[in-house]
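So this block is entry_28.cif, mmCIF, C-alpha atoms:
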```cif
data_final
#
loop_
_atom_site.label_atom_id
_atom_site.label_comp_id
_atom_site.auth_asym_id
_atom_site.auth_seq_id
_atom_site.Cartn_x
_atom_site.Cartn_y
_atom_site.Cartn_z
CA MET D 1 -33.08 -76.88 -122.86
CA GLU D 2 -35.11 -79.59 -121.13
CA GLU D 3 -36.09 -80.87 -124.53
CA ALA D 4 -32.45 -81.06 -125.43
CA ALA D 5 -31.78 -83.14 -122.38
CA ALA D 6 -34.71 -85.39 -123.14
CA THR D 7 -33.97 -85.89 -126.80
CA GLN D 8 -30.39 -86.74 -126.05
CA GLY D 9 -31.85 -89.85 -124.59
CA THR D 10 -31.17 -89.15 -120.95
CA THR D 11 -33.64 -90.52 -118.48
CA ALA D 12 -35.10 -88.48 -115.66
CA GLY D 13 -32.72 -90.10 -113.22
CA GLU D 14 -29.71 -89.33 -115.36
CA TYR D 15 -30.90 -85.75 -115.82
CA ILE D 16 -31.20 -85.21 -112.07
CA ASN D 17 -27.94 -86.95 -111.35
CA HIS D 18 -26.13 -84.89 -113.93
CA HIS D 19 -27.46 -81.76 -112.24
CA MET D 20 -26.30 -82.96 -108.86
CA VAL D 21 -22.65 -83.07 -109.81
CA HIS D 22 -20.46 -80.07 -109.11
CA PHE D 23 -17.92 -78.55 -111.42
CA ASN D 24 -15.06 -79.69 -109.24
CA SER D 25 -11.35 -80.36 -109.34
CA ILE D 26 -11.74 -84.07 -110.19
CA GLY D 27 -14.15 -83.60 -113.06
CA LYS D 28 -16.64 -86.21 -111.85
CA ALA D 29 -18.96 -86.87 -108.97
CA GLN D 30 -17.23 -87.07 -105.62
CA THR D 31 -17.61 -90.51 -104.09
CA ASP D 32 -16.27 -90.06 -100.55
CA ILE D 33 -18.46 -88.21 -98.11
CA PHE D 34 -15.53 -86.04 -96.99
CA ASP D 35 -12.56 -85.53 -99.28
CA LEU D 36 -10.31 -82.54 -98.77
CA SER D 37 -8.50 -83.08 -102.07
CA VAL D 38 -11.63 -82.03 -103.96
CA ILE D 39 -12.82 -78.49 -104.41
CA ASN D 40 -16.07 -77.32 -106.01
CA PHE D 41 -15.15 -74.56 -108.42
CA ASP D 42 -18.77 -73.66 -109.15
CA THR D 43 -19.66 -73.07 -105.49
CA VAL D 44 -16.48 -71.11 -104.90
CA PHE D 45 -17.00 -69.05 -108.03
CA PHE D 46 -20.64 -68.20 -107.45
CA SER D 47 -20.32 -67.53 -103.74
CA LEU D 48 -17.28 -65.37 -104.34
CA ALA D 49 -18.94 -63.52 -107.22
CA LEU D 50 -22.11 -62.93 -105.23
CA GLY D 51 -20.08 -62.00 -102.17
CA LEU D 52 -18.29 -59.39 -104.24
CA LEU D 53 -21.61 -58.23 -105.64
CA THR D 54 -22.90 -57.95 -102.05
CA ILE D 55 -20.07 -55.81 -100.84
CA PHE D 56 -20.07 -53.84 -104.09
CA LEU D 57 -23.75 -52.95 -103.67
CA LEU D 58 -23.39 -52.20 -99.98
CA ALA D 59 -20.17 -50.28 -100.42
CA ARG D 60 -21.72 -48.20 -103.18
CA ALA D 61 -24.56 -47.26 -100.84
CA ALA D 62 -22.08 -46.68 -98.01
CA ARG D 63 -19.83 -44.43 -100.07
CA ARG D 64 -22.73 -42.28 -101.19
CA ALA D 65 -24.41 -42.30 -97.81
CA THR D 66 -25.37 -38.81 -96.74
CA SER D 67 -27.34 -37.59 -93.81
CA GLY D 68 -29.46 -35.59 -96.24
CA VAL D 69 -32.38 -36.85 -98.27
CA PRO D 70 -31.53 -40.44 -99.23
CA GLY D 71 -31.88 -41.86 -102.71
CA ARG D 72 -33.76 -45.10 -103.33
CA CYS D 73 -30.65 -47.25 -103.26
CA GLN D 74 -29.47 -45.67 -100.05
CA ALA D 75 -32.92 -45.89 -98.48
CA ALA D 76 -33.14 -49.59 -99.35
CA VAL D 77 -29.75 -50.30 -97.80
CA GLU D 78 -30.69 -48.17 -94.82
CA ILE D 79 -33.84 -50.20 -94.25
CA LEU D 80 -31.68 -53.33 -94.18
CA VAL D 81 -29.14 -51.71 -91.91
CA GLU D 82 -31.80 -50.48 -89.50
CA MET D 83 -33.44 -53.90 -89.45
CA VAL D 84 -30.17 -55.69 -88.77
CA ALA D 85 -29.04 -53.09 -86.25
CA ASP D 86 -32.31 -53.41 -84.32
CA GLN D 87 -32.10 -57.18 -84.25
CA ALA D 88 -28.46 -57.08 -83.21
CA LYS D 89 -29.23 -54.58 -80.47
CA SER D 90 -31.97 -56.75 -79.04
CA MET D 91 -29.80 -59.87 -78.97
CA ILE D 92 -26.25 -58.72 -78.32
CA HIS D 93 -25.86 -56.37 -75.43
CA SER D 94 -22.19 -55.61 -75.91
CA GLU D 95 -21.71 -52.43 -77.90
CA GLN D 96 -18.18 -53.44 -78.82
CA SER D 97 -19.23 -56.86 -80.14
CA ARG D 98 -22.03 -55.30 -82.15
CA ARG D 99 -19.49 -53.29 -84.10
CA PHE D 100 -18.36 -56.54 -85.71
CA VAL D 101 -21.44 -58.72 -85.41
CA ALA D 102 -24.00 -56.30 -86.84
CA PRO D 103 -22.15 -55.72 -90.15
CA LEU D 104 -21.45 -59.44 -90.24
CA ALA D 105 -25.15 -60.17 -89.95
CA LEU D 106 -25.93 -57.64 -92.68
CA THR D 107 -23.39 -59.19 -95.01
CA VAL D 108 -24.65 -62.68 -94.24
CA PHE D 109 -28.22 -61.66 -94.95
CA VAL D 110 -27.53 -59.96 -98.29
CA TRP D 111 -25.00 -62.53 -99.39
CA ILE D 112 -27.20 -65.54 -98.62
CA PHE D 113 -30.15 -63.80 -100.18
CA LEU D 114 -28.21 -63.32 -103.42
CA MET D 115 -26.86 -66.86 -103.37
CA ASN D 116 -30.35 -68.23 -102.79
CA ALA D 117 -31.66 -65.99 -105.56
CA MET D 118 -29.56 -67.96 -108.02
CA ASP D 119 -32.28 -70.57 -107.62
CA LEU D 120 -34.70 -68.30 -109.46
CA LEU D 121 -32.65 -68.46 -112.63
CA PRO D 122 -33.98 -71.13 -115.00
CA VAL D 123 -32.54 -74.32 -113.60
CA ASP D 124 -30.95 -75.35 -116.87
CA LEU D 125 -29.77 -71.96 -118.10
CA LEU D 126 -26.25 -71.76 -116.73
CA PRO D 127 -25.52 -75.50 -117.01
CA TRP D 128 -26.68 -75.32 -120.65
CA LEU D 129 -24.39 -72.35 -121.34
CA TRP D 130 -21.62 -74.23 -119.58
CA ALA D 131 -22.19 -77.28 -121.78
CA GLY D 132 -22.12 -74.95 -124.77
CA ALA D 133 -18.77 -73.62 -123.61
CA TYR D 134 -17.49 -77.18 -123.37
CA LYS D 135 -18.67 -77.84 -126.90
CA VAL D 136 -16.93 -74.72 -128.18
CA ALA D 137 -13.75 -75.75 -126.38
CA GLY D 138 -13.98 -79.15 -128.02
CA ALA D 139 -14.62 -81.06 -124.81
CA ASP D 140 -17.36 -83.57 -124.14
CA PRO D 141 -20.41 -81.55 -123.05
CA SER D 142 -21.78 -84.51 -121.11
CA HIS D 143 -19.02 -83.87 -118.60
CA ALA D 144 -19.93 -80.22 -118.24
CA TYR D 145 -21.10 -80.18 -114.64
CA MET D 146 -22.38 -77.02 -113.07
CA ARG D 147 -24.44 -76.24 -109.99
CA VAL D 148 -25.25 -72.56 -109.69
CA LEU D 149 -26.70 -72.51 -106.17
CA PRO D 150 -23.87 -72.21 -103.62
CA THR D 151 -26.23 -72.63 -100.66
CA ALA D 152 -27.53 -75.92 -102.08
CA ASP D 153 -23.99 -77.21 -101.77
CA LEU D 154 -23.44 -78.65 -98.32
CA ASN D 155 -19.98 -77.09 -98.33
CA GLY D 156 -21.43 -73.64 -98.92
CA ALA D 157 -24.05 -73.83 -96.19
CA MET D 158 -21.88 -75.63 -93.65
CA GLY D 159 -18.97 -73.32 -94.40
CA LEU D 160 -21.16 -70.46 -93.26
CA SER D 161 -22.47 -72.19 -90.15
CA ILE D 162 -19.03 -73.43 -89.09
CA SER D 163 -17.73 -69.89 -89.51
CA VAL D 164 -20.49 -68.76 -87.18
CA LEU D 165 -19.47 -71.50 -84.74
CA LEU D 166 -15.89 -70.22 -84.79
CA ILE D 167 -17.13 -66.70 -84.09
CA CYS D 168 -19.22 -68.07 -81.19
CA ILE D 169 -16.16 -69.81 -79.74
CA TRP D 170 -14.12 -66.64 -80.19
CA TYR D 171 -16.68 -64.59 -78.31
CA ASN D 172 -17.04 -67.26 -75.62
CA ILE D 173 -13.33 -67.00 -74.95
CA LYS D 174 -13.25 -63.25 -75.34
CA ILE D 175 -16.14 -62.52 -72.98
CA LYS D 176 -15.65 -65.24 -70.36
CA GLY D 177 -11.93 -65.85 -70.71
CA PHE D 178 -10.61 -69.27 -71.67
CA GLY D 179 -10.81 -70.52 -68.08
CA GLY D 180 -14.28 -69.14 -67.62
CA TRP D 181 -15.48 -70.79 -70.78
CA MET D 182 -13.92 -74.12 -69.81
CA HIS D 183 -15.57 -73.85 -66.42
CA GLU D 184 -18.88 -73.23 -68.12
CA LEU D 185 -18.37 -76.17 -70.46
CA PHE D 186 -17.99 -78.51 -67.51
CA SER D 187 -20.43 -76.96 -65.04
CA ALA D 188 -23.46 -76.08 -67.14
CA PRO D 189 -26.25 -77.04 -67.60
CA PHE D 190 -26.46 -79.52 -64.69
CA GLY D 191 -24.36 -77.68 -62.11
CA ALA D 192 -20.77 -77.52 -60.94
CA HIS D 193 -19.99 -80.95 -59.48
CA TRP D 194 -17.14 -83.28 -60.42
CA ALA D 195 -19.52 -86.18 -61.02
CA LEU D 196 -21.64 -84.12 -63.37
CA ALA D 197 -18.73 -82.64 -65.31
CA PRO D 198 -18.63 -85.30 -68.09
CA PHE D 199 -22.36 -85.01 -68.66
CA ASN D 200 -22.17 -81.25 -68.72
CA PHE D 201 -19.35 -81.36 -71.21
CA ALA D 202 -21.16 -83.89 -73.37
CA MET D 203 -24.29 -81.77 -73.36
CA GLN D 204 -22.32 -78.66 -74.29
CA ILE D 205 -20.58 -80.40 -77.17
CA ILE D 206 -23.88 -81.79 -78.39
CA GLU D 207 -25.36 -78.32 -78.18
CA PHE D 208 -22.57 -76.76 -80.23
CA VAL D 209 -22.66 -79.51 -82.84
CA ALA D 210 -26.45 -79.49 -83.04
CA LYS D 211 -26.59 -75.73 -83.34
CA THR D 212 -24.02 -75.65 -86.10
CA PHE D 213 -25.54 -78.56 -88.00
CA SER D 214 -29.09 -77.33 -87.75
CA HIS D 215 -27.89 -73.86 -88.75
CA GLY D 216 -26.17 -75.02 -91.91
CA MET D 217 -28.50 -77.89 -92.72
CA ARG D 218 -31.62 -75.76 -92.51
CA LEU D 219 -30.31 -73.48 -95.24
CA PHE D 220 -28.88 -76.33 -97.26
CA GLY D 221 -32.01 -78.46 -96.96
CA ASN D 222 -34.35 -75.71 -98.01
CA MET D 223 -32.28 -74.66 -100.98
CA PHE D 224 -31.44 -78.19 -102.06
CA ALA D 225 -35.08 -79.23 -101.93
CA GLY D 226 -36.09 -76.09 -103.78
CA GLU D 227 -33.53 -76.75 -106.50
CA LEU D 228 -34.65 -80.36 -106.78
CA ILE D 229 -38.26 -79.32 -107.23
CA PHE D 230 -37.24 -76.86 -109.94
CA MET D 231 -35.50 -79.76 -111.67
CA LEU D 232 -38.57 -81.95 -111.37
CA ILE D 233 -40.71 -79.17 -112.80
CA ALA D 234 -38.18 -78.81 -115.61
CA LEU D 235 -38.50 -82.56 -116.24
CA LEU D 236 -42.23 -82.07 -116.58
CA GLY D 237 -41.63 -79.85 -119.61
CA GLY D 238 -38.86 -82.11 -120.79
CA MET D 239 -41.22 -85.06 -120.91
CA ALA D 240 -43.58 -83.17 -123.18
CA ALA D 241 -41.74 -84.19 -126.35
CA LEU D 242 -42.00 -87.86 -125.44
CA SER D 243 -45.69 -88.20 -124.72
CA ALA D 244 -48.99 -87.66 -126.47
CA GLY D 245 -50.39 -85.36 -123.84
CA GLY D 246 -47.30 -83.19 -124.10
CA LEU D 247 -49.17 -79.91 -124.22
CA LEU D 248 -50.68 -80.60 -120.82
CA LEU D 249 -47.21 -81.25 -119.42
CA VAL D 250 -45.91 -77.99 -120.84
CA LEU D 251 -48.88 -76.26 -119.26
CA GLY D 252 -48.10 -78.03 -116.01
CA HIS D 253 -44.50 -76.92 -116.26
CA ILE D 254 -45.53 -73.32 -116.72
CA ILE D 255 -48.06 -73.32 -113.89
CA ALA D 256 -45.97 -75.31 -111.43
CA GLY D 257 -42.79 -73.43 -112.34
CA THR D 258 -44.46 -70.06 -111.84
CA ALA D 259 -46.11 -71.07 -108.58
CA TRP D 260 -42.94 -72.57 -107.16
CA ALA D 261 -40.80 -69.63 -108.25
CA ILE D 262 -43.17 -67.17 -106.62
CA PHE D 263 -43.25 -69.26 -103.45
CA HIS D 264 -39.48 -69.50 -103.65
CA ILE D 265 -39.13 -65.72 -103.47
CA LEU D 266 -40.50 -66.08 -99.96
CA ILE D 267 -38.28 -69.05 -99.16
CA ILE D 268 -35.00 -67.49 -100.27
CA THR D 269 -35.72 -64.32 -98.29
CA LEU D 270 -36.93 -66.24 -95.28
CA GLN D 271 -33.94 -68.58 -95.26
CA ALA D 272 -31.52 -65.67 -95.54
CA PHE D 273 -33.34 -63.93 -92.69
CA VAL D 274 -33.45 -67.08 -90.54
CA PHE D 275 -29.76 -67.68 -91.08
CA MET D 276 -28.97 -64.11 -90.08
CA MET D 277 -31.20 -64.27 -87.00
CA LEU D 278 -29.70 -67.56 -85.84
CA THR D 279 -26.24 -66.11 -86.34
CA LEU D 280 -27.18 -63.26 -84.04
CA VAL D 281 -28.87 -65.58 -81.55
CA TYR D 282 -25.90 -67.93 -81.33
CA ILE D 283 -23.39 -65.10 -80.98
CA GLY D 284 -25.68 -63.52 -78.40
CA GLN D 285 -25.70 -66.81 -76.47
CA ALA D 286 -21.91 -66.80 -76.52
CA HIS D 287 -22.09 -63.54 -74.56
CA GLU D 288 -24.29 -64.91 -71.81
CA SER D 289 -23.09 -66.97 -68.91
CA HIS D 290 -25.13 -69.90 -67.73
CA MET E 1 -24.01 -83.88 -100.73
CA ASN E 2 -20.36 -84.43 -100.07
CA LEU E 3 -18.04 -82.31 -98.05
CA ASN E 4 -14.69 -81.21 -99.38
CA ALA E 5 -12.18 -78.37 -99.34
CA THR E 6 -14.86 -75.99 -100.61
CA LEU E 7 -15.97 -75.81 -96.99
CA PHE E 8 -12.80 -73.99 -95.97
CA VAL E 9 -12.75 -71.75 -98.99
CA GLN E 10 -16.30 -70.76 -98.15
CA MET E 11 -15.25 -70.00 -94.57
CA ILE E 12 -12.40 -67.82 -95.74
CA VAL E 13 -14.70 -65.95 -98.09
CA PHE E 14 -17.16 -65.53 -95.24
CA PHE E 15 -14.60 -63.95 -92.94
CA ILE E 16 -13.22 -61.67 -95.64
CA LEU E 17 -16.70 -60.43 -96.45
CA ALA E 18 -17.53 -59.95 -92.79
CA TRP E 19 -14.31 -58.01 -92.23
CA PHE E 20 -14.85 -55.84 -95.29
CA SER E 21 -18.39 -55.10 -94.23
CA MET E 22 -17.29 -54.16 -90.73
CA ARG E 23 -14.47 -51.98 -92.00
CA PHE E 24 -15.98 -50.16 -94.99
CA ILE E 25 -19.73 -50.63 -95.20
CA TRP E 26 -21.31 -50.48 -91.79
CA PRO E 27 -19.63 -47.38 -90.29
CA PRO E 28 -20.47 -44.82 -93.02
CA ILE E 29 -24.08 -45.97 -93.29
CA VAL E 30 -24.62 -45.95 -89.55
CA LYS E 31 -22.88 -42.58 -89.35
CA ALA E 32 -25.17 -41.16 -92.01
CA LEU E 33 -28.20 -42.58 -90.25
CA ASP E 34 -27.14 -41.14 -86.91
CA GLU E 35 -26.38 -37.79 -88.46
CA ARG E 36 -29.75 -37.70 -90.17
CA ALA E 37 -31.48 -38.65 -86.94
CA LYS E 38 -29.62 -35.81 -85.24
CA LYS E 39 -30.53 -33.40 -88.03
CA ILE E 40 -34.18 -34.32 -87.73
CA ALA E 41 -34.04 -33.97 -83.97
CA ASP E 42 -32.36 -30.57 -84.34
CA GLY E 43 -34.95 -29.53 -86.89
CA LEU E 44 -37.78 -30.53 -84.62
CA ALA E 45 -36.18 -28.69 -81.73
CA ALA E 46 -35.72 -25.61 -83.92
CA ALA E 47 -39.34 -25.79 -85.00
CA GLU E 48 -40.39 -26.03 -81.37
CA ARG E 49 -38.20 -23.08 -80.50
CA GLY E 50 -39.61 -21.12 -83.46
CA LYS E 51 -43.11 -21.83 -82.25
CA GLN E 52 -42.25 -20.58 -78.80
CA ASP E 53 -40.58 -17.49 -80.25
CA LEU E 54 -43.66 -16.81 -82.32
CA GLU E 55 -45.86 -17.12 -79.28
CA LEU E 56 -43.60 -14.79 -77.36
CA ALA E 57 -43.51 -12.28 -80.20
CA THR E 58 -47.28 -12.40 -80.54
CA LYS E 59 -47.66 -11.80 -76.86
CA ARG E 60 -45.15 -8.97 -76.93
CA SER E 61 -46.79 -7.30 -79.92
CA SER E 62 -50.22 -7.51 -78.33
CA ASP E 63 -48.76 -6.07 -75.14
CA THR E 64 -47.20 -3.23 -77.08
CA LEU E 65 -50.45 -2.63 -78.90
CA ARG E 66 -52.39 -2.52 -75.66
CA ALA E 67 -49.84 -0.17 -74.10
CA GLY E 68 -50.04 2.06 -77.19
CA LYS E 69 -53.81 2.17 -76.99
CA GLU E 70 -53.65 3.10 -73.32
CA LYS E 71 -51.14 5.81 -74.00
CA TYR E 72 -53.27 7.10 -76.84
CA ALA E 73 -56.37 7.21 -74.69
CA GLU E 74 -54.42 8.98 -71.98
CA LEU E 75 -53.13 11.52 -74.45
CA VAL E 76 -56.61 12.18 -75.75
CA VAL E 77 -57.91 12.72 -72.25
CA GLN E 78 -55.00 14.99 -71.47
CA ALA E 79 -55.49 16.94 -74.66
CA GLU E 80 -59.16 17.38 -73.92
CA LYS E 81 -58.31 18.56 -70.45
CA GLN E 82 -55.78 20.97 -71.86
CA ALA E 83 -58.24 22.27 -74.39
CA ILE E 84 -60.81 22.86 -71.68
CA GLN E 85 -58.14 24.53 -69.61
CA ILE E 86 -57.20 26.81 -72.50
CA ILE E 87 -60.83 27.70 -73.06
CA GLU E 88 -61.31 28.35 -69.35
CA ASP E 89 -58.19 30.51 -69.29
CA ALA E 90 -59.32 32.43 -72.32
CA LYS E 91 -62.72 32.94 -70.76
CA ALA E 92 -61.21 34.17 -67.51
CA GLN E 93 -58.84 36.45 -69.34
CA ALA E 94 -61.67 37.78 -71.47
CA LYS E 95 -63.73 38.41 -68.38
CA VAL E 96 -60.86 40.26 -66.72
CA GLU E 97 -60.34 42.30 -69.86
CA ALA E 98 -64.03 43.00 -70.13
CA ASP E 99 -64.16 44.06 -66.49
CA ARG E 100 -61.18 46.26 -67.04
CA ILE E 101 -62.75 47.85 -70.10
CA ILE E 102 -66.04 48.31 -68.30
CA LEU E 103 -64.25 49.78 -65.33
CA GLY E 104 -62.25 52.09 -67.62
CA GLY E 105 -65.48 53.09 -69.35
CA ARG E 106 -67.16 53.76 -66.08
CA ALA E 107 -64.24 55.83 -64.85
CA ALA E 108 -64.17 57.81 -68.08
CA ALA E 109 -67.90 58.32 -67.91
CA ALA E 110 -67.66 59.43 -64.31
CA HIS E 111 -64.83 61.75 -65.16
CA GLU E 112 -66.75 63.20 -68.04
CA MET E 113 -69.78 63.57 -65.89
CA THR E 114 -67.70 65.43 -63.28
CA GLN E 115 -66.23 67.60 -65.98
CA ALA E 116 -69.69 68.23 -67.37
CA LYS E 117 -70.92 69.04 -63.90
CA GLU E 118 -67.95 71.37 -63.40
CA ALA E 119 -68.64 73.02 -66.73
CA LEU E 120 -72.33 73.21 -65.98
CA ARG E 121 -71.59 74.62 -62.56
CA ASP E 122 -69.25 77.24 -64.07
CA GLN E 123 -71.83 78.10 -66.65
CA VAL E 124 -74.60 78.28 -63.96
CA ALA E 125 -72.27 80.41 -61.86
CA VAL E 126 -71.60 82.66 -64.82
CA LEU E 127 -75.31 82.70 -65.60
CA ALA E 128 -76.05 83.44 -61.98
CA VAL E 129 -73.51 86.24 -61.92
CA ILE E 130 -74.80 87.59 -65.18
CA GLY E 131 -78.29 87.33 -63.79
CA ALA E 132 -77.28 88.95 -60.60
CA GLU E 133 -75.36 91.59 -62.52
CA ARG E 134 -78.41 92.30 -64.53
CA ILE E 135 -80.45 92.59 -61.45
CA LEU E 136 -78.05 94.55 -59.43
CA ARG E 137 -76.08 96.23 -62.19
CA ARG E 138 -74.14 98.76 -60.52
CA GLU E 139 -74.55 97.61 -57.04
CA ILE E 140 -72.18 94.85 -57.43
CA ASP E 141 -68.62 95.67 -58.03
CA ALA E 142 -66.86 92.70 -59.42
CA LYS E 143 -63.68 93.68 -57.75
CA VAL E 144 -65.24 94.45 -54.42
CA HIS E 145 -67.47 91.46 -54.41
CA ALA E 146 -65.06 89.03 -55.92
CA LYS E 147 -64.87 87.22 -52.63
CA LEU E 148 -68.56 87.01 -52.36
CA LEU E 149 -68.98 85.84 -55.90
CA GLU E 150 -66.43 83.18 -55.36
CA THR E 151 -68.32 81.97 -52.28
CA ILE E 152 -71.55 81.80 -54.22
CA ARG E 153 -69.86 79.94 -57.00
CA GLN E 154 -68.53 77.48 -54.46
CA GLU E 155 -71.97 76.90 -52.99
CA LEU E 156 -73.58 76.19 -56.33
#
```
Encoded form (structure tokens):
Amino acid sequence: MEEAAATQGTTAGEYINHHMVHFNSIGKAQTDIFDLSVINFDTVFFSLALGLLTIFLLARAARRATSGVPGRCQAAVEILVEMVADQAKSMIHSEQSRRFVAPLALTVFVWIFLMNAMDLLPVDLLPWLWAGAYKVAGADPSHAYMRVLPTADLNGAMGLSISVLLICIWYNIKIKGFGGWMHELFSAPFGAHWALAPFNFAMQIIEFVAKTFSHGMRLFGNMFAGELIFMLIALLGGMAALSAGGLLLVLGHIIAGTAWAIFHILIITLQAFVFMMLTLVYIGQAHESH
Amino acid sequence: MNLNATLFVQMIVFFILAWFSMRFIWPPIVKALDERAKKIADGLAAAERGKQDLELATKRSSDTLRAGKEKYAELVVQAEKQAIQIIEDAKAQAKVEADRIILGGRAAAAHEMTQAKEALRDQVAVLAVIGAERILRREIDAKVHAKLLETIRQEL
């Protein structure tokens, strides 16, 4: 696959750039930083497919759940459920909120884990198949763009974190009342005084924005960087055909690819867990008054 | 690294998944977990109760055993006492019987001795009369001296 890319005469830069373009509604790289007329079909497709896989797996375990001796599938799901339920219990003290937030956290964890796990597929596999599909359809395969990792798309990661922000705002209003929340926005953290109100409000807005950005960006950054490194490792093998010491590069590709993939198993799990925990922490904060 | 409408699609997907999970996934699993926890708790409680029951039953059986042994020992003692009593009674009865027989024997012997004495006396009287008759022969008239003879006989 990498060889194919290399022998087609693409440079390393072109190879990376080609991989960075989404399969979107305009058929080429998006130029504006924010353009609502564009939609990334690949991110939508993979996140939706993996979301359905998530709820399919969980629902299968849920439907077969018995209080008797659990099977392996059920036990695995139960371990997750217990873990999430414990974390939710320690951070959200409202029983009623937990009824929504705990399953939300479970879904987020499994879903993000699966989306991140797309990174472990060979980095060129699905784009190569996609290019093949273009060829079969008679289209120009050089325009076959495909990014398989929904969480390495800023839209995917930020979509999740902004959703969490909306849930936080919802719980702020629900727990404290709209007036109570407004009062908190203008009176915390410096204290309730008319002169301090603008600073309080500014600090609160900064806090919300920073929380949401760091929440989404952390996931995005990790997965984007991981994907990029997989591409660079793939380039290592791709270069093999062009140089005399090619065998060494192939060896390097194998060693580096294996090492990074194994390390990445940790990263994808950790990032999914961190995202879930921060979701719980932020929603828990929405329940507490300053 | 550009933002676009995918953001909102992703948010919609997120909320649908969260809702589905809340509605269909979480409750049955948590229910099963709670039920299993309850089952285990019940089982442990039952085991505890069984252990207590066993202890109680053991205690009761040993009590019963001890009571049975006591009763048995008591019965043995009583039986021995009874046996001794029976032997004593038999001995006493035998003694009474023996005394009675001895007494009867003595009475019979005494009676026989009296009879023998009577007979001997009669015979001595007869012999005396015969002797006297032989000596006196005619001098003594049995009819005349009947009174006298009777007196002699009495004195013998």
_Taking all atoms listed in the file into account, find every residue of chain D that has an atom no more than 6 Å from chain E, and write it out as an NGL selection string._
:D and (33-36 or 38-40 or 59 or 62 or 65-67 or 100 or 103-104 or 154-156 or 159 or 163)
*Expanded to explicit residues, what is the PyMOL selection byres ((chain D and resi 93) around 12) for this file, as a PyMOL selection string?*
chain D and resi 85-92+94-99+101-102+175+280-281+283-288
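Residues within 9 Å of Gly51 in chain D, counting only C-alpha atoms and excluding same-chain residues fewer than 3 positions away, are Phe46, Ser47, Leu48, Thr54, Ile55, Phe56, Thr107, Val110, Trp111, Ile112, Leu114 and Met115 of chain D; Val13, Phe14 and Leu17 of chain E.
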Axis-aligned box for range 73-83 of chain E, 4 Å per side, centre and edges in Å as AutoDock Vina command-line options:
```
--center_x -56.1 --center_y 14.7 --center_z -73.1 --size_x 14.0 --size_y 23.1 --size_z 13.3
```
*Kindly give the distance, in Å, that separates CA of Asn200 in chain D and CA of His183 in chain D, rounded to a single decimal.*
10.2 Å
*Run through the PyMOL selection byres ((chain E and resi 147-155) around 9) on the given coordinates and return the selected residues as a ChimeraX atom specification.*
/E:121-122,124-126,128-129,142-146,156
*Might you pull out every residue within 12 Å of Asn222 in chain D, with all atoms listed in the file counted and same-chain residues fewer than 5 positions away left off, and present them as a VMD selection string?*
chain D and resid 116 119 149 151 to 154 157 214 to 217 227 to 229 264 266 to 272 274 to 275
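Using all atoms listed in the file for every distance, the candidate list D:Met146, D:Tyr171, D:Ala117, D:Met158 yields D:Met146 as the residue closest to Leu129 in chain D.
Taking CA of Leu50 in chain D and CA of Phe109 in chain D as the two end points, the separation is 12.0 Å.
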Close residues, Thr258 in chain D itself excluded, 12 Å, all atoms listed in the file, min 6 positions apart in chain, as a PDB file with C-alpha atoms, in the frame of the given file:
```
ATOM      1  CA  LEU D 120     -34.700 -68.300-109.460  1.00  0.00           C
ATOM      2  CA  LEU D 121     -32.650 -68.460-112.630  1.00  0.00           C
ATOM      3  CA  PRO D 122     -33.980 -71.130-115.000  1.00  0.00           C
ATOM      4  CA  PHE D 230     -37.240 -76.860-109.940  1.00  0.00           C
ATOM      5  CA  ILE D 233     -40.710 -79.170-112.800  1.00  0.00           C
ATOM      6  CA  ALA D 234     -38.180 -78.810-115.610  1.00  0.00           C
ATOM      7  CA  LEU D 251     -48.880 -76.260-119.260  1.00  0.00           C
ATOM      8  CA  GLY D 252     -48.100 -78.030-116.010  1.00  0.00           C
ATOM      9  CA  HIS D 264     -39.480 -69.500-103.650  1.00  0.00           C
ATOM     10  CA  ILE D 265     -39.130 -65.720-103.470  1.00  0.00           C
TER      11      ILE D 265
END
```
*Tell me, as a PyMOL selection string, which residues lie within 9 Å of range 15-26 of chain D, counting only C-alpha atoms; anything in the same chain fewer than 4 positions away does not count.*
(chain D and resi 5-6+10-11+30+37-43+124+127+142-148+153+228+231-232+235) or (chain E and resi 1)
*asked:* Rounded to one decimal, what separation in Å do you get between CA of Ala41 in chain E and CA of Ala105 in chain D?
replied: 28.3 Å
*In terms of the shortest atom-to-atom distance over only C-alpha atoms, which of D:Met83, D:Leu166, D:Leu160, D:Leu53 is closest to Leu219 in chain D?*
D:Leu160
*asked:* So that I can see what lies close to Phe208 in chain D, please list as an MDAnalysis selection string the residues with an atom at most 8 Å from it, counting all atoms listed in the file and leaving out residues fewer than 4 positions away in the same chain.
replied: chainID D and resid 165 204 212
